[in-house]
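Everything below belongs to start.txt, which stores compact mmCIF, C-alpha atoms.
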# COMPACT_ATOMS: atom_id res chain seq x y z
CA MET A 1253 111.93 69.66 73.91
CA THR A 1254 110.19 66.80 75.73
CA SER A 1255 110.10 68.71 79.01
CA ARG A 1256 108.70 71.75 77.24
CA LYS A 1257 105.95 69.66 75.67
CA ARG A 1258 104.80 68.71 79.16
CA ASP A 1259 104.17 72.40 79.79
CA ILE A 1260 101.23 72.38 77.36
CA ASP A 1261 98.07 72.00 79.50
CA GLY A 1262 100.19 71.44 82.61
CA GLY A 1263 103.42 72.20 84.40
CA TRP A 1264 104.64 75.70 83.60
CA ALA A 1265 101.36 76.41 81.78
CA TRP A 1266 99.65 76.90 85.16
CA VAL A 1267 102.27 79.47 86.18
CA VAL A 1268 101.74 81.26 82.88
CA LEU A 1269 97.97 81.12 83.46
CA ALA A 1270 98.35 82.82 86.85
CA ALA A 1271 100.64 85.45 85.33
CA VAL A 1272 98.28 86.17 82.42
CA TYR A 1273 95.17 86.37 84.62
CA SER A 1274 97.03 88.68 87.02
CA GLY A 1275 98.17 90.80 84.09
CA ILE A 1276 94.65 91.03 82.67
CA LEU A 1277 93.33 92.08 86.08
CA LEU A 1278 96.02 94.75 86.50
CA LEU A 1279 95.69 96.08 82.95
CA SER A 1280 91.88 96.16 82.98
CA THR A 1281 91.78 97.85 86.38
CA ALA A 1282 94.11 100.57 85.11
CA MET A 1283 91.99 101.01 81.98
CA TYR A 1284 88.66 101.19 83.81
CA THR A 1285 89.88 104.03 86.04
CA ALA A 1286 89.48 106.27 82.96
CA GLY A 1287 85.96 107.40 83.87
CA VAL A 1288 86.89 108.56 87.38
CA LEU A 1289 90.14 110.13 86.16
CA TYR A 1290 88.22 111.99 83.43
CA VAL A 1291 86.09 113.80 86.00
CA GLU A 1292 89.15 114.62 88.13
CA MET A 1293 91.13 115.90 85.11
CA LEU A 1294 88.25 118.19 84.14
CA ASP A 1295 88.36 119.76 87.59
CA TYR A 1296 92.18 119.83 87.83
CA TYR A 1297 93.12 121.20 84.39
CA ARG A 1298 89.93 123.22 83.68
CA ASP A 1299 90.12 122.39 79.98
CA ASP A 1300 87.52 121.59 77.35
CA ALA A 1301 85.43 118.49 78.12
CA ALA A 1302 85.56 117.21 74.55
CA LYS A 1303 89.36 117.50 74.43
CA THR A 1304 89.71 115.82 77.81
CA SER A 1305 87.53 112.92 76.68
CA ILE A 1306 90.01 112.21 73.86
CA ILE A 1307 92.44 110.83 76.46
CA GLY A 1308 90.17 107.97 77.51
CA SER A 1309 88.96 107.36 73.95
CA LEU A 1310 92.49 106.88 72.63
CA ASN A 1311 93.59 104.89 75.66
CA SER A 1312 90.88 102.27 75.16
CA GLY A 1313 90.29 102.62 71.41
CA LEU A 1314 93.90 101.95 70.40
CA LEU A 1315 93.71 98.59 72.19
CA GLY A 1316 91.54 97.41 69.32
CA LEU A 1317 92.77 99.52 66.42
CA LEU A 1318 96.43 98.53 66.89
CA GLY A 1319 95.64 94.81 66.86
CA PRO A 1320 97.34 94.16 63.48
CA LEU A 1321 100.46 96.00 64.67
CA VAL A 1322 100.60 93.75 67.73
CA SER A 1323 100.35 90.71 65.44
CA ILE A 1324 103.46 91.93 63.64
CA CYS A 1325 105.31 92.36 66.93
CA ILE A 1326 104.36 88.86 68.08
CA HIS A 1327 105.59 87.31 64.83
CA THR A 1328 108.83 89.27 64.58
CA LEU A 1329 109.70 89.29 68.29
CA SER A 1330 107.76 87.04 70.70
CA CYS A 1331 104.77 87.21 73.02
CA ARG A 1332 107.01 87.83 76.02
CA VAL A 1333 108.96 90.72 74.44
CA THR A 1334 105.75 92.26 73.10
CA MET A 1335 104.06 92.18 76.53
CA PHE A 1336 107.17 93.50 78.29
CA THR A 1337 107.36 96.42 75.84
CA GLY A 1338 103.70 97.19 76.48
CA GLY A 1339 104.26 97.20 80.24
CA VAL A 1340 107.16 99.64 79.84
CA CYS A 1341 105.03 101.91 77.61
CA LEU A 1342 102.23 102.00 80.19
CA MET A 1343 104.59 102.65 83.08
CA LEU A 1344 106.30 105.53 81.24
CA ALA A 1345 102.94 106.92 80.11
CA TYR A 1346 101.61 107.31 83.65
CA VAL A 1347 104.92 108.38 85.22
CA SER A 1348 105.30 111.18 82.67
CA SER A 1349 101.65 112.18 83.15
CA ALA A 1350 102.37 113.01 86.78
CA PHE A 1351 104.68 115.83 85.66
CA VAL A 1352 102.82 117.39 82.70
CA SER A 1353 100.92 120.63 82.96
CA ASN A 1354 98.23 120.49 80.26
CA ILE A 1355 95.72 118.21 78.55
CA ASN A 1356 97.56 118.19 75.22
CA LEU A 1357 100.51 116.38 76.77
CA LEU A 1358 98.16 113.97 78.57
CA ILE A 1359 96.61 113.08 75.20
CA LEU A 1360 100.10 112.12 74.03
CA SER A 1361 101.14 110.27 77.21
CA ILE A 1362 98.06 108.43 78.51
CA GLY A 1363 96.12 108.56 75.24
CA ILE A 1364 98.67 107.53 72.61
CA VAL A 1365 101.58 105.96 74.52
CA GLY A 1366 99.22 104.38 77.06
CA GLY A 1367 96.93 103.14 74.28
CA LEU A 1368 99.93 101.55 72.56
CA GLY A 1369 100.86 99.84 75.83
CA ASN A 1370 97.31 98.58 76.29
CA ALA A 1371 97.38 97.02 72.82
CA LEU A 1372 100.81 95.40 73.18
CA THR A 1373 99.83 93.72 76.45
CA GLY A 1374 96.07 93.18 76.13
CA VAL A 1375 96.08 91.50 72.71
CA THR A 1376 99.12 89.35 73.52
CA PHE A 1377 97.73 87.92 76.76
CA THR A 1378 95.11 85.96 74.81
CA VAL A 1379 97.63 84.66 72.26
CA VAL A 1380 99.86 83.33 75.06
CA LEU A 1381 96.97 81.30 76.49
CA VAL A 1382 96.20 79.83 73.07
CA TYR A 1383 99.82 78.68 72.72
CA TYR A 1384 99.97 77.15 76.22
CA PHE A 1385 96.64 75.32 76.34
CA GLU A 1386 94.94 72.77 74.07
CA ARG A 1387 92.51 70.52 75.97
CA ARG A 1388 91.30 73.26 78.32
CA ARG A 1389 91.79 76.11 75.86
CA ASN A 1390 88.18 77.32 75.55
CA ILE A 1391 87.57 77.33 79.31
CA VAL A 1392 90.85 79.15 79.97
CA LEU A 1393 90.11 81.78 77.31
CA THR A 1394 86.56 82.34 78.52
CA LEU A 1395 87.64 82.78 82.13
CA SER A 1396 90.26 85.30 81.02
CA GLN A 1397 87.44 87.54 79.79
CA ALA A 1398 85.54 87.02 83.03
CA VAL A 1399 88.56 88.44 84.89
CA ILE A 1400 87.91 91.72 83.07
CA GLY A 1401 84.46 91.77 84.68
CA VAL A 1402 86.10 91.60 88.11
CA ALA A 1403 88.28 94.58 87.14
CA MET A 1404 85.13 96.60 86.41
CA PHE A 1405 84.18 96.37 90.09
CA LEU A 1406 87.66 97.10 91.41
CA ALA A 1407 88.61 100.05 89.19
CA THR A 1408 86.22 102.74 90.45
CA PRO A 1409 86.69 102.27 94.23
CA ILE A 1410 90.46 101.94 93.79
CA ALA A 1411 90.61 105.11 91.69
CA LEU A 1412 88.51 107.07 94.17
CA TRP A 1413 90.64 105.89 97.11
CA LEU A 1414 93.89 106.79 95.31
CA LEU A 1415 92.58 110.25 94.42
CA ARG A 1416 91.56 110.93 98.03
CA ALA A 1417 94.88 109.67 99.39
CA TYR A 1418 97.38 110.96 96.81
CA GLY A 1419 95.65 113.44 94.50
CA LEU A 1420 95.65 113.27 90.70
CA ARG A 1421 99.42 113.31 90.15
CA GLY A 1422 100.02 110.79 92.90
CA THR A 1423 97.33 108.55 91.41
CA PHE A 1424 99.13 108.63 88.07
CA LEU A 1425 102.30 107.42 89.81
CA MET A 1426 100.43 104.65 91.63
CA ILE A 1427 98.84 103.45 88.39
CA ALA A 1428 102.32 103.48 86.84
CA GLY A 1429 103.41 101.15 89.64
CA ILE A 1430 100.46 98.85 88.92
CA CYS A 1431 101.39 98.75 85.22
CA ALA A 1432 105.05 98.04 86.05
CA HIS A 1433 103.92 94.65 87.37
CA LEU A 1434 102.90 93.78 83.81
CA CYS A 1435 106.60 93.49 83.01
CA VAL A 1436 106.91 90.80 85.70
CA CYS A 1437 103.93 88.95 84.22
CA ALA A 1438 105.56 89.16 80.80
CA MET A 1439 108.87 87.69 81.99
CA ILE A 1440 107.04 84.61 83.29
CA CYS A 1441 105.47 83.95 79.87
CA GLN A 1442 108.44 82.28 78.17
CA PRO A 1443 107.79 81.06 74.60
CA SER A 1444 105.94 77.75 74.58
CA VAL A 1445 106.78 74.86 72.28
CA LYS A 1446 103.75 75.82 70.17
CA GLU A 1447 104.93 79.40 69.75
CA ALA A 1448 108.42 78.17 68.85
CA LYS A 1449 106.94 75.81 66.25
CA VAL A 1450 104.93 78.62 64.64
CA LYS A 1451 108.02 80.85 64.41
CA THR A 1452 110.05 77.99 62.93
CA GLU A 1453 107.44 77.43 60.24
CA LEU A 1454 107.51 81.13 59.37
CA LEU A 1455 111.31 81.05 59.05
CA LYS A 1456 111.12 78.00 56.78
CA ARG A 1457 108.61 79.74 54.53
CA LYS A 1458 110.84 82.81 54.44
CA GLU A 1459 113.79 80.71 53.22
CA ARG A 1460 111.88 79.11 50.32
CA PRO A 1461 113.53 80.26 47.06
CA SER A 1462 110.21 80.23 45.19
CA VAL A 1463 108.76 82.88 47.42
CA LYS A 1464 109.22 86.55 46.65
CA PRO A 1465 111.47 88.14 49.30
CA TYR A 1466 109.11 90.94 50.25
CA GLN A 1467 106.42 88.46 51.29
CA TYR A 1468 108.36 87.06 54.24
CA CYS A 1469 110.35 89.91 55.64
CA ASN A 1470 109.65 91.27 59.09
CA TRP A 1471 106.39 92.63 57.71
CA TYR A 1472 105.19 89.15 56.82
CA ALA A 1473 102.39 89.23 59.38
CA LEU A 1474 101.09 92.45 57.84
CA LEU A 1475 101.45 91.52 54.18
CA ASP A 1476 100.10 87.98 54.27
CA PHE A 1477 96.70 88.09 55.93
CA GLN A 1478 95.67 84.71 54.56
CA VAL A 1479 92.94 84.49 57.19
CA LEU A 1480 91.05 87.14 55.20
CA ARG A 1481 90.58 84.55 52.46
CA SER A 1482 88.11 82.85 54.77
CA LEU A 1483 84.64 84.22 54.07
CA PRO A 1484 83.17 82.91 57.37
CA PHE A 1485 85.90 84.73 59.28
CA ILE A 1486 85.28 88.00 57.40
CA LEU A 1487 81.55 87.77 58.13
CA PHE A 1488 82.32 87.05 61.80
CA LEU A 1489 84.55 90.16 61.93
CA ILE A 1490 81.68 92.29 60.59
CA SER A 1491 79.29 90.89 63.21
CA THR A 1492 81.87 91.63 65.92
CA ALA A 1493 82.21 95.23 64.76
CA ALA A 1494 78.41 95.54 64.81
CA TRP A 1495 77.90 94.60 68.46
CA ASN A 1496 80.79 96.82 69.55
CA PHE A 1497 79.15 99.64 67.59
CA MET A 1498 75.88 99.16 69.46
CA LEU A 1499 77.61 98.81 72.83
CA SER A 1500 79.58 102.03 72.48
CA VAL A 1501 76.50 103.99 71.40
CA CYS A 1502 74.50 102.74 74.38
CA LEU A 1503 77.27 103.37 76.92
CA ILE A 1504 77.95 106.90 75.67
CA HIS A 1505 74.49 108.17 74.70
CA LEU A 1506 72.09 106.21 76.91
CA PRO A 1507 72.94 108.14 80.13
CA ASN A 1508 72.14 111.48 78.47
CA TYR A 1509 69.02 110.01 76.90
CA VAL A 1510 67.53 108.84 80.20
CA ILE A 1511 68.37 112.17 81.85
CA THR A 1512 66.25 113.90 79.19
CA LYS A 1513 63.48 111.51 80.26
CA GLY A 1514 63.59 112.76 83.86
CA LEU A 1515 66.20 110.58 85.61
CA ASP A 1516 69.03 112.15 87.62
CA SER A 1517 72.77 111.41 87.89
CA THR A 1518 72.22 109.01 90.78
CA ASP A 1519 69.92 106.90 88.64
CA VAL A 1520 72.53 106.91 85.87
CA THR A 1521 75.17 105.67 88.32
CA VAL A 1522 72.88 102.84 89.42
CA MET A 1523 72.11 102.04 85.79
CA MET A 1524 75.80 101.74 84.84
CA THR A 1525 76.48 99.64 87.95
CA ILE A 1526 73.73 97.26 86.84
CA PHE A 1527 75.40 97.07 83.44
CA SER A 1528 78.77 96.17 85.00
CA ILE A 1529 77.19 93.42 87.12
CA SER A 1530 75.17 91.94 84.26
CA ASN A 1531 78.11 92.14 81.86
CA THR A 1532 80.26 90.21 84.34
CA ILE A 1533 77.49 87.63 84.73
CA GLY A 1534 77.39 87.26 80.95
CA ARG A 1535 81.16 86.77 80.79
CA PHE A 1536 81.11 84.13 83.53
CA SER A 1537 78.09 82.31 82.09
CA ALA A 1538 80.07 81.70 78.90
CA VAL A 1539 82.25 79.30 80.90
CA PHE A 1540 79.30 76.88 81.12
CA ILE A 1541 78.45 77.29 77.44
CA VAL A 1542 81.76 77.28 75.58
CA ASP A 1543 82.40 73.51 75.72
CA HIS A 1544 78.80 72.30 76.15
CA GLN A 1545 78.19 69.35 73.85
CA TYR A 1546 74.64 70.43 72.96
CA LEU A 1547 75.33 74.14 72.40
CA ASP A 1548 77.01 75.63 69.34
CA ASN A 1549 79.06 78.73 70.21
CA MET A 1550 78.24 80.47 66.93
CA VAL A 1551 74.52 79.87 67.45
CA VAL A 1552 74.80 81.39 70.95
CA HIS A 1553 76.64 84.35 69.41
CA ILE A 1554 73.87 84.80 66.82
CA CYS A 1555 71.08 84.58 69.41
CA CYS A 1556 72.77 87.16 71.65
CA LEU A 1557 73.22 89.63 68.80
CA ALA A 1558 69.71 89.16 67.42
CA THR A 1559 68.04 89.50 70.83
CA ALA A 1560 70.11 92.55 71.78
CA GLY A 1561 69.38 94.09 68.38
CA ILE A 1562 65.62 93.66 68.77
CA ILE A 1563 65.40 95.10 72.29
CA THR A 1564 67.65 98.03 71.29
CA LEU A 1565 65.75 98.78 68.09
CA THR A 1566 62.45 98.79 69.98
CA PHE A 1567 63.68 100.53 73.16
CA ALA A 1568 61.82 103.74 72.33
CA LEU A 1569 58.53 101.80 72.34
CA TYR A 1570 58.80 100.72 75.98
CA ASP A 1571 61.21 103.22 77.62
CA HIS A 1572 58.24 104.94 79.29
CA LEU A 1573 57.54 101.86 81.42
CA PRO A 1574 58.73 101.84 85.08
CA SER A 1575 62.40 100.80 85.42
CA ALA A 1576 62.59 100.05 81.69
CA GLU A 1577 66.08 101.56 81.36
CA PHE A 1578 67.42 99.40 84.22
CA VAL A 1579 66.02 96.22 82.67
CA PHE A 1580 67.42 97.30 79.30
CA VAL A 1581 71.00 97.78 80.50
CA ALA A 1582 70.86 94.50 82.46
CA ALA A 1583 69.85 92.63 79.31
CA ILE A 1584 72.42 94.44 77.17
CA GLY A 1585 75.13 93.68 79.73
CA ILE A 1586 74.48 89.94 79.60
CA LEU A 1587 73.97 89.84 75.82
CA THR A 1588 77.30 91.62 75.17
CA GLY A 1589 79.22 89.88 77.95
CA LEU A 1590 78.57 86.45 76.40
CA PRO A 1591 79.88 87.29 72.89
CA ASN A 1592 82.88 88.99 74.48
CA SER A 1593 83.95 85.81 76.25
CA LEU A 1594 83.26 83.68 73.17
CA LEU A 1595 85.36 85.86 70.83
CA THR A 1596 88.59 83.83 70.84
CA PRO A 1597 86.98 80.34 71.01
CA LEU A 1598 84.87 81.30 67.99
CA THR A 1599 87.92 82.66 66.19
CA LEU A 1600 89.68 79.32 66.69
CA THR A 1601 86.79 77.52 64.98
CA LEU A 1602 87.29 79.72 61.92
CA VAL A 1603 91.11 79.83 61.60
CA ASP A 1604 94.01 77.51 62.36
CA VAL A 1605 95.75 77.93 65.70
CA GLU A 1606 99.00 78.78 63.86
CA LYS A 1607 97.32 81.96 62.59
CA ILE A 1608 95.77 82.99 65.89
CA SER A 1609 98.02 86.01 66.47
CA ILE A 1610 97.04 87.54 63.12
CA ALA A 1611 93.39 86.54 63.50
CA HIS A 1612 93.14 87.84 67.07
CA GLY A 1613 94.75 91.11 66.02
CA LEU A 1614 92.12 91.51 63.31
CA VAL A 1615 89.31 90.69 65.73
CA ASN A 1616 90.54 93.43 68.06
CA PHE A 1617 90.89 95.80 65.12
CA PHE A 1618 87.26 95.30 64.09
CA CYS A 1619 86.17 95.66 67.73
CA GLY A 1620 88.00 98.99 67.77
CA ILE A 1621 86.39 100.12 64.51
CA GLY A 1622 82.94 99.40 65.87
CA TYR A 1623 83.60 100.94 69.27
CA VAL A 1624 85.24 104.12 67.95
CA SER A 1625 82.83 104.76 65.05
CA GLY A 1626 79.61 104.26 67.03
CA PRO A 1627 79.42 107.41 69.23
CA PRO A 1628 80.35 109.99 66.55
CA LEU A 1629 77.90 108.54 64.02
CA ALA A 1630 75.19 108.45 66.69
CA ALA A 1631 76.05 112.05 67.61
CA LEU A 1632 75.78 113.08 63.95
CA LEU A 1633 72.34 111.50 63.74
CA LEU A 1634 71.39 113.24 66.98
CA GLU A 1635 72.36 116.62 65.51
CA ARG A 1636 70.39 115.95 62.34
CA THR A 1637 67.22 114.65 64.01
CA GLY A 1638 67.42 116.12 67.53
CA SER A 1639 66.44 112.79 69.07
CA TYR A 1640 68.44 110.27 71.10
CA GLU A 1641 65.82 107.67 70.21
CA ASN A 1642 66.91 107.65 66.58
CA SER A 1643 70.55 107.16 67.55
CA ILE A 1644 69.75 104.18 69.78
CA MET A 1645 67.39 102.67 67.20
CA MET A 1646 70.12 103.04 64.58
CA SER A 1647 72.57 101.10 66.78
CA GLY A 1648 69.97 98.34 67.16
CA ALA A 1649 69.56 98.15 63.38
CA VAL A 1650 73.34 97.86 62.97
CA LEU A 1651 73.38 95.04 65.52
CA LEU A 1652 70.61 93.16 63.69
CA PHE A 1653 72.69 93.47 60.53
CA GLY A 1654 75.59 91.99 62.50
CA SER A 1655 73.45 89.03 63.55
CA VAL A 1656 72.58 88.41 59.88
CA MET A 1657 76.32 88.43 59.06
CA ALA A 1658 76.89 85.88 61.83
CA VAL A 1659 74.15 83.66 60.39
CA ALA A 1660 75.82 83.89 56.98
CA ALA A 1661 79.16 83.00 58.59
CA LYS A 1662 77.64 79.90 60.20
CA ILE A 1663 75.99 78.77 56.94
CA ARG A 1664 79.19 79.26 54.97
CA GLN A 1665 81.28 77.52 57.63
CA ARG A 1666 78.97 74.50 57.62
CA LYS A 1667 79.09 74.33 53.83
CA GLU A 1668 82.90 74.40 53.83
CA GLN A 1669 83.02 71.67 56.46
CA GLU A 1670 80.73 69.46 54.36
CA GLU A 1671 82.89 70.07 51.29
CA ARG A 1672 86.03 69.10 53.21
CA LYS A 1673 84.38 65.89 54.46
CA LYS A 1674 83.28 65.03 50.93
CA THR A 1675 86.76 65.66 49.55
CA LYS A 1676 88.33 63.58 52.31
CA ALA A 1677 85.91 60.71 51.69
CA GLU A 1678 86.62 60.76 47.96
CA SER A 1679 90.36 60.87 48.62
CA GLY A 1680 90.06 57.89 50.97
CA GLY A 1681 88.11 55.95 48.36
CA ASP A 1682 90.78 56.62 45.72
CA GLU A 1683 93.52 55.42 48.06
CA PHE A 1684 91.61 52.23 48.80
CA GLN A 1685 91.08 51.58 45.08
CA THR A 1686 94.81 52.04 44.43
CA PHE A 1687 95.59 49.62 47.25
CA LEU A 1688 93.28 46.98 45.70
CA GLU A 1689 94.88 47.40 42.29
CA LYS A 1690 98.32 46.85 43.80
CA ILE A 1691 97.16 43.64 45.43
CA GLN A 1692 95.67 42.38 42.17
CA HIS A 1693 98.91 43.04 40.34

Produce structure tokens that represent the structure in this file.
Amino acid sequence: MTSRKRDIDGGWAWVVLAAVYSGILLLSTAMYTAGVLYVEMLDYYRDDAAKTSIIGSLNSGLLGLLGPLVSICIHTLSCRVTMFTGGVCLMLAYVSSAFVSNINLLILSIGIVGGLGNALTGVTFTVVLVYYFERRRNIVLTLSQAVIGVAMFLATPIALWLLRAYGLRGTFLMIAGICAHLCVCAMICQPSVKEAKVKTELLKRKERPSVKPYQYCNWYALLDFQVLRSLPFILFLISTAAWNFMLSVCLIHLPNYVITKGLDSTDVTVMMTIFSISNTIGRFSAVFIVDHQYLDNMVVHICCLATAGIITLTFALYDHLPSAEFVFVAAIGILTGLPNSLLTPLTLTLVDVEKISIAHGLVNFFCGIGYVSGPPLAALLLERTGSYENSIMMSGAVLLFGSVMAVAAKIRQRKEQEERKKTKAESGGDEFQTFLEKIQH
């Protein structure tokens, strides 16, 4: 046990760090090829565009929506087994896709099976880092999100090169090979002493005779979401869903909106490239903020959401200005990249580290709710009003509501901290008084 303790913040932890960062890069690169593959699948299978788009939506959306399921797997199995299973699912999803003949089967393979694989690996990577690092935890977690920004740049050129060299079916096989390496990354991530301690505590609680049996079966992680008793955490989840809602609406509807304003497809490509660059900058800049002694992470989160909400809500007022859409996406990229990197460090300020797998699963679930619900609701508003401006303004209003929820979370968190300090001080005073009485007697 002593040698394993040395692996926290050092030793084997650095090997695990390299494996996790490599896995995040591989997984994110495979996921971000979806846009290029979507265009190629439209041309190859000649099927309905809406049906074809379901493949990418499920593949990325299930990463968030299946977060609670991944929490169950982590608790009942382990991080390593969960990640390995996800790697196998992804590999099989893309291998089978190379031999199918219609979009319906691709929805099942890449969409559902691939989405399950994304969730099992993507959610677990973060939990592994939490278990292996303590002193450097926030920096390590923030940099892990910055790695995703690097994948944004790599995915499109890699996908285009693979399609030119091997065609669509060959590209599926090559992506399957990339995903197979996730199994290697998983094998390196052996359970840390912290993970073993958490599992031991769960087993002890399961064996308590006073506890009802159904509460601590293999579905314990699903049935006992004690983290939802924390009001600050619930408010933070709502704010997280809000900025994902806004982000998905802008990414899906903004290109069509600016085309109706006179821009062409080349301008849209440049606009989305600017977003990728600025989003990566936002993710990396969080590294210098997360552990800064004079900056509160929740305050930064609130400022990002409020600022992004204001410029989104008022976009229609200044979109006629030269290059307004390019400035807008650059600002949105930075203001969503920062909260993205701060997600797990903020979660750890609201819940105990022993509950991080459940909490992180819920965070991903709410991200998925926001990201999946945004575009259809915006499309419904577009059909009713006939204006993209209303859809974008609506997403800005939702984001402002999210910033208000974050403010409420911060106020409630501070109040609870003050109450705990007061209780601790009173408890200390009582103990001192008892000590004095013993001396007198």

task: Please provide the set of residues having any atom within 8 Å of region 1641-1646 of chain A, restricted to all atoms listed in the file, with same-chain residues fewer than 4 positions apart removed, written as a PyMOL selection string.
output: chain A and resi 1498+1501-1502+1505-1506+1509+1564-1568+1630-1631+1633-1634+1637+1650

I'd like the box whose edges run along x, y and z of the file and which contains every listed atom of region 1300-1317 of chain A, padded by 5 Å per side; could you state its centre and edge lengths in Å, one decimal, as lines of an AutoDock Vina configuration file?
center_x = 89.7
center_y = 109.5
center_z = 72.3
size_x = 18.5
size_y = 34.2
size_z = 21.7

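Minimum atom-to-atom distances from A:Leu1360, A:Ile1427, A:Leu1368, A:Leu1414 to Met1343 (chain A) were compared using all atoms listed in the file, and the lowest value belongs to A:Ile1427.
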
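For the pair CA of Gly1367 (chain A) and CA of Leu1314 (chain A), the interatomic distance is 5.1 Å.
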
I'd like a table as a tab-separated table: residues in region 1395-1464 of chain A with an atom no more than 12 Å from region 1279-1294 of chain A, each row giving the shortest atom pair and its distance in Å to one decimal, only C-alpha atoms counted, sorted by chain and rising residue number.
residue	atom	partner	partner_atom	distance
A:Ser1396	CA	A:Ser1280	CA	11.2
A:Gln1397	CA	A:Ser1280	CA	10.2
A:Ala1398	CA	A:Ser1280	CA	11.1
A:Val1399	CA	A:Ser1280	CA	8.6
A:Ile1400	CA	A:Ser1280	CA	6.0
A:Gly1401	CA	A:Ser1280	CA	8.8
A:Val1402	CA	A:Thr1281	CA	8.6
A:Ala1403	CA	A:Thr1281	CA	4.8
A:Met1404	CA	A:Tyr1284	CA	6.3
A:Phe1405	CA	A:Thr1281	CA	8.6
A:Leu1406	CA	A:Thr1281	CA	6.5
A:Ala1407	CA	A:Thr1281	CA	4.8
A:Thr1408	CA	A:Thr1285	CA	5.9
A:Pro1409	CA	A:Thr1285	CA	9.0
A:Ile1410	CA	A:Thr1285	CA	8.0
A:Ala1411	CA	A:Thr1285	CA	5.8
A:Leu1412	CA	A:Val1288	CA	7.1
A:Trp1413	CA	A:Val1288	CA	10.8
A:Leu1414	CA	A:Leu1289	CA	10.4
A:Leu1415	CA	A:Glu1292	CA	8.4
A:Arg1416	CA	A:Glu1292	CA	10.8
A:Gly1419	CA	A:Glu1292	CA	9.2
A:Leu1420	CA	A:Glu1292	CA	7.1
A:Arg1421	CA	A:Met1293	CA	10.0
A:Gly1422	CA	A:Leu1289	CA	12.0
A:Thr1423	CA	A:Leu1289	CA	9.0
A:Phe1424	CA	A:Leu1289	CA	9.3
A:Leu1425	CA	A:Ala1282	CA	11.7
A:Met1426	CA	A:Ala1282	CA	10.0
A:Ile1427	CA	A:Ala1282	CA	6.4
A:Ala1428	CA	A:Ala1282	CA	8.9
A:Gly1429	CA	A:Ala1282	CA	10.4
A:Ile1430	CA	A:Ala1282	CA	7.6
A:Cys1431	CA	A:Leu1279	CA	6.7
A:Ala1432	CA	A:Leu1279	CA	10.1
A:His1433	CA	A:Leu1279	CA	9.5
A:Leu1434	CA	A:Leu1279	CA	7.6
A:Cys1435	CA	A:Leu1279	CA	11.2
A:Cys1437	CA	A:Leu1279	CA	11.0

I need the chosen residues saved as a JSON list (two decimals), in the coordinates of the input, with C-alpha atoms.
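The resulting file, again25.json, is reproduced below:
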[["chain", "number", "residue", "atom", "x", "y", "z"],
["A", 1396, "SER", "CA", 90.26, 85.30, 81.02],
["A", 1397, "GLN", "CA", 87.44, 87.54, 79.79],
["A", 1398, "ALA", "CA", 85.54, 87.02, 83.03],
["A", 1399, "VAL", "CA", 88.56, 88.44, 84.89],
["A", 1400, "ILE", "CA", 87.91, 91.72, 83.07],
["A", 1401, "GLY", "CA", 84.46, 91.77, 84.68],
["A", 1402, "VAL", "CA", 86.10, 91.60, 88.11],
["A", 1403, "ALA", "CA", 88.28, 94.58, 87.14],
["A", 1404, "MET", "CA", 85.13, 96.60, 86.41],
["A", 1405, "PHE", "CA", 84.18, 96.37, 90.09],
["A", 1406, "LEU", "CA", 87.66, 97.10, 91.41],
["A", 1407, "ALA", "CA", 88.61, 100.05, 89.19],
["A", 1408, "THR", "CA", 86.22, 102.74, 90.45],
["A", 1409, "PRO", "CA", 86.69, 102.27, 94.23],
["A", 1410, "ILE", "CA", 90.46, 101.94, 93.79],
["A", 1411, "ALA", "CA", 90.61, 105.11, 91.69],
["A", 1412, "LEU", "CA", 88.51, 107.07, 94.17],
["A", 1413, "TRP", "CA", 90.64, 105.89, 97.11],
["A", 1414, "LEU", "CA", 93.89, 106.79, 95.31],
["A", 1415, "LEU", "CA", 92.58, 110.25, 94.42],
["A", 1416, "ARG", "CA", 91.56, 110.93, 98.03],
["A", 1419, "GLY", "CA", 95.65, 113.44, 94.50],
["A", 1420, "LEU", "CA", 95.65, 113.27, 90.70],
["A", 1421, "ARG", "CA", 99.42, 113.31, 90.15],
["A", 1422, "GLY", "CA", 100.02, 110.79, 92.90],
["A", 1423, "THR", "CA", 97.33, 108.55, 91.41],
["A", 1424, "PHE", "CA", 99.13, 108.63, 88.07],
["A", 1425, "LEU", "CA", 102.30, 107.42, 89.81],
["A", 1426, "MET", "CA", 100.43, 104.65, 91.63],
["A", 1427, "ILE", "CA", 98.84, 103.45, 88.39],
["A", 1428, "ALA", "CA", 102.32, 103.48, 86.84],
["A", 1429, "GLY", "CA", 103.41, 101.15, 89.64],
["A", 1430, "ILE", "CA", 100.46, 98.85, 88.92],
["A", 1431, "CYS", "CA", 101.39, 98.75, 85.22],
["A", 1432, "ALA", "CA", 105.05, 98.04, 86.05],
["A", 1433, "HIS", "CA", 103.92, 94.65, 87.37],
["A", 1434, "LEU", "CA", 102.90, 93.78, 83.81],
["A", 1435, "CYS", "CA", 106.60, 93.49, 83.01],
["A", 1437, "CYS", "CA", 103.93, 88.95, 84.22]]

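Between Cys1556 (chain A) and the candidates A:Leu1587, A:Val1375, A:Leu1489, A:Ile1306, the tightest atom-to-atom separation, counting only C-alpha atoms, involves A:Leu1587.
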
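Distance check against Thr1601 (chain A) using all atoms listed in the file: of A:Val1624, A:Leu1372, A:Val1520, A:Val1542, the minimum falls on A:Val1542.
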
query: Could you name the residues that touch region 1384-1393 of chain A at 10 Å or less, counting all atoms listed in the file, but leaving out those on the same chain fewer than 4 positions away, as a ChimeraX atom specification?
result: /A:1257,1259-1262,1264-1266,1268-1269,1273,1377-1380,1397-1398,1441,1443-1447,1538-1543,1593-1598,1600,1605
